[in-house]
Amino acid sequence: MAQSVGIKDVARVAGVSVGTVSNVINRPDTVATETRARVLSAIDRLGYVRSESARQLRAGRSRIMGLLVLDMGNPFFVDVARGAERAARQAGLGVMVCNSAESAGEEAEYLSLFAEQRVRGVLLTPADATGRNIAAFRRHGIPFVLVDRVSEGTTECSVSVDDVAGGALAVRHLLDAGHRCVAYVSGPPGLTQIRDRRTGALSALAEAGLGPDRLRELPTERLDVAAGRDAGARLLGLADRPTAVFCANDLLALGVLQAMYAAGVNVPDDLAIVGYDDIEFAAAAAVPLTSVRQPAVTMGALAADMLLEETEEGPGGGAGAHEHRRVVLQPELVVRRSSLSSR
């Protein structure tokens with residue numbers, strides 16, 4: 001096994017002190033040009049890479065931000081990560097991305113890992129509906145920002161989308177197209193987003209003078225394409241089948257679309273479909289999918305900026321000067337062929 005190269009090796013080869021090498025790495029403007037060039041040449045020849053863990057011990061601050069999401073298989077969370085990574089990189093930080101797989105247990109394990117690594121802060125989309133994981137993590141004193149979730153009952157920052165408004169947009173669109181009975185393919189009922197989108201759907205029905213019985217809910221254990229196909233099969237088995245379906249995300253909607261295609265059901269003439277998130281695959285589906293768009297990249301970037309603001313040092317920054325706030329973004333309905341029936 002090759003022996004690792006240390007800062008003392010660089011100093012010996014360059015013929016300078018360890019302190020000078022440290023200055024070249026951390027404060028290059030304080031070192032004479034000729035000396036700096038000699039040290040950089042030695043670093044290149046030896047293949048020296050500084051120890052981030054050692055630097056953290058000296059500085060007491062990490063250059064890593066944690067990001068824990070529900071499902072990295074969902075392109076929505078990939079876009080959230082893109083926005084967060086872009087903001088973190090501009091601040092000279094990296095992002096450690098982890099996937100809870102919608103499991104409270106896995107979420108707890110990753111939050112424990114973040115605490116062990118003493119990350120700068122965490123961007124979190126909670127999987128645990130009880131709030132126990134957040135309460136346990138809060139004891140470590142590491143700042144965090146909730147993403148795609150309103151910080152109800154907590155004092156931390158949050159960035160979310162108005163999911164009640166999003167659910168209303170989806171169902172109001174279907175009602176305007178002439179549908180009077182709508183299926184709601186939801187997801188794990190413990191997720192706040194699922195409940196909020198259902199609330200919005202019910203409010204749109206009430207506006208039209210229709211009762212809650214006109215929303216036929218088909219819950220799913222997960223929020224993926226396979227769960228959507230299963231919900232589609234259940235939908236096909238209903239005796240009094242709704243003429244339209246609103247899905248809690250686009251992956252569910254794509255699964256429903258696949259089930260309808262396999263059964264010979266025409267979309268949108270026999271069944272109109274609306275999804276949620278407006279992922280890239282929505283527009284590329286065999287029948288382009290109408291969807292409620294969430295500004296995922298913006299959400300990730302805003303959350304990262306909030307966290308950076310809270311963890312900055314010096315005047316105007318840091319926890320003492322930081323004011324926690326909630327940012328609620330507005331969704332947008334993107335209409336495509338999946339909901340444009342001749343009804």
# chains A, B, ... in the order shown; residues from 1 in each chain; ligands from 1

call {"tool": "select_by_dssp", "arguments": {"residues": "region 151-242 of chain A", "states": "alpha helix (DSSP H)", "output": "ChimeraX atom specification"}}
result
/A:163-176,192-207,225-236

call {"tool": "closest_atom_pairs", "arguments": {"of": "region 163-246 of chain A", "to": "region 123-139 of chain A", "cutoff": "10 Å", "atoms": "only C-alpha atoms", "output": "JSON lines"}}
result
{"residue": "A:Pro189", "atom": "CA", "partner": "A:Ala129", "partner_atom": "CA", "distance": 9.6}
{"residue": "A:Gly190", "atom": "CA", "partner": "A:Ala129", "partner_atom": "CA", "distance": 5.8}
{"residue": "A:Leu191", "atom": "CA", "partner": "A:Ala129", "partner_atom": "CA", "distance": 6.5}
{"residue": "A:Thr192", "atom": "CA", "partner": "A:Ala129", "partner_atom": "CA", "distance": 7.9}

call {"tool": "closest_atom_pairs", "arguments": {"of": "region 203-304 of chain A", "to": "region 90-114 of chain A", "cutoff": "10 Å", "atoms": "only C-alpha atoms", "output": "tab-separated table"}}
result
residue	atom	partner	partner_atom	distance
A:Glu221	CA	A:Glu102	CA	9.8
A:Arg222	CA	A:Glu102	CA	7.9
A:Leu223	CA	A:Glu102	CA	9.1
A:Ala304	CA	A:Val95	CA	9.8

call {"tool": "residues_around", "arguments": {"residues": "Ala201 (chain A)", "least_positions_apart": "2", "cutoff": "6 Å", "atoms": "only C-alpha atoms", "output": "short mmCIF file (atom, residue, chain, number, x, y, z; two decimals) with N, CA, C and O atoms, in the first residue's frame"}}
result
data_model
loop_
_atom_site.label_atom_id
_atom_site.label_comp_id
_atom_site.auth_asym_id
_atom_site.auth_seq_id
_atom_site.Cartn_x
_atom_site.Cartn_y
_atom_site.Cartn_z
N GLY A 167 -53.26 21.05 -5.41
CA GLY A 167 -54.34 20.07 -5.55
C GLY A 167 -55.59 20.69 -6.12
O GLY A 167 -56.30 20.08 -6.94
N ALA A 168 -55.86 21.93 -5.71
CA ALA A 168 -57.04 22.63 -6.23
C ALA A 168 -56.88 22.93 -7.73
O ALA A 168 -57.83 22.80 -8.51
N VAL A 171 -57.60 19.58 -9.78
CA VAL A 171 -58.99 19.12 -9.82
C VAL A 171 -59.89 20.17 -10.45
O VAL A 171 -60.83 19.84 -11.18
N ARG A 198 -54.76 16.50 -1.22
CA ARG A 198 -56.14 16.01 -1.09
C ARG A 198 -57.06 17.13 -0.62
O ARG A 198 -58.18 17.30 -1.13
N THR A 199 -56.59 17.93 0.34
CA THR A 199 -57.38 19.07 0.83
C THR A 199 -57.70 20.03 -0.31
O THR A 199 -58.83 20.52 -0.43
N SER A 203 -61.38 21.03 -1.88
CA SER A 203 -61.83 22.43 -1.94
C SER A 203 -62.31 22.79 -3.34
O SER A 203 -63.29 23.54 -3.50
N ALA A 204 -61.64 22.25 -4.38
CA ALA A 204 -62.08 22.51 -5.75
C ALA A 204 -63.45 21.89 -6.00
O ALA A 204 -64.31 22.49 -6.66
#

call {"tool": "residues_around", "arguments": {"residues": "region 144-151 of chain A", "least_positions_apart": "6", "cutoff": "8 Å", "atoms": "only C-alpha atoms", "output": "PyMOL selection string"}}
result
chain A and resi 121-126+157-161+192-193+299-300+303-304+306-307+326+328

call {"tool": "residues_around", "arguments": {"residues": "Arg197 (chain A)", "least_positions_apart": "2", "cutoff": "6 Å", "atoms": "only C-alpha atoms", "output": "list in words"}}
result
Asp163, Val164, Gly167, Ile194, Arg195, Thr199 and Gly200 of chain A

call {"tool": "residues_around", "arguments": {"residues": "Gly6 (chain A)", "least_positions_apart": "2", "cutoff": "8 Å", "atoms": "only C-alpha atoms", "output": "count of residues only"}}
result
6

call {"tool": "residues_around", "arguments": {"residues": "region 269-272 of chain A", "least_positions_apart": "4", "cutoff": "8 Å", "atoms": "only C-alpha atoms", "output": "JSON, numbers by chain"}}
result
{"A": [174, 242, 243, 244, 245, 265, 338, 339, 340, 341, 342, 343]}

call {"tool": "select_by_dssp", "arguments": {"residues": "region 60-302 of chain A", "states": "strand (DSSP E)", "output": "PyMOL selection string"}}
result
chain A and resi 64-69+94-99+121-124+144-147+157-161+182-185+215-218+244-247+272-277+290-293

call {"tool": "atom_distance", "arguments": {"atom1": "CA of Gln294 (chain A)", "atom2": "CA of Gly228 (chain A)"}}
result
19.8 Å

call {"tool": "closest_residue", "arguments": {"among": "A:Leu308, A:Ala233, A:Met260, A:Met65", "to": "Arg118 (chain A)", "atoms": "only C-alpha atoms"}}
result
A:Met65

call {"tool": "atom_distance", "arguments": {"atom1": "CA of Thr290 (chain A)", "atom2": "CA of Ala170 (chain A)"}}
result
8.8 Å

call {"tool": "closest_residue", "arguments": {"among": "A:Val297, A:Val119, A:Ala165, A:Ile273", "to": "Pro143 (chain A)", "atoms": "only C-alpha atoms"}}
result
A:Val119
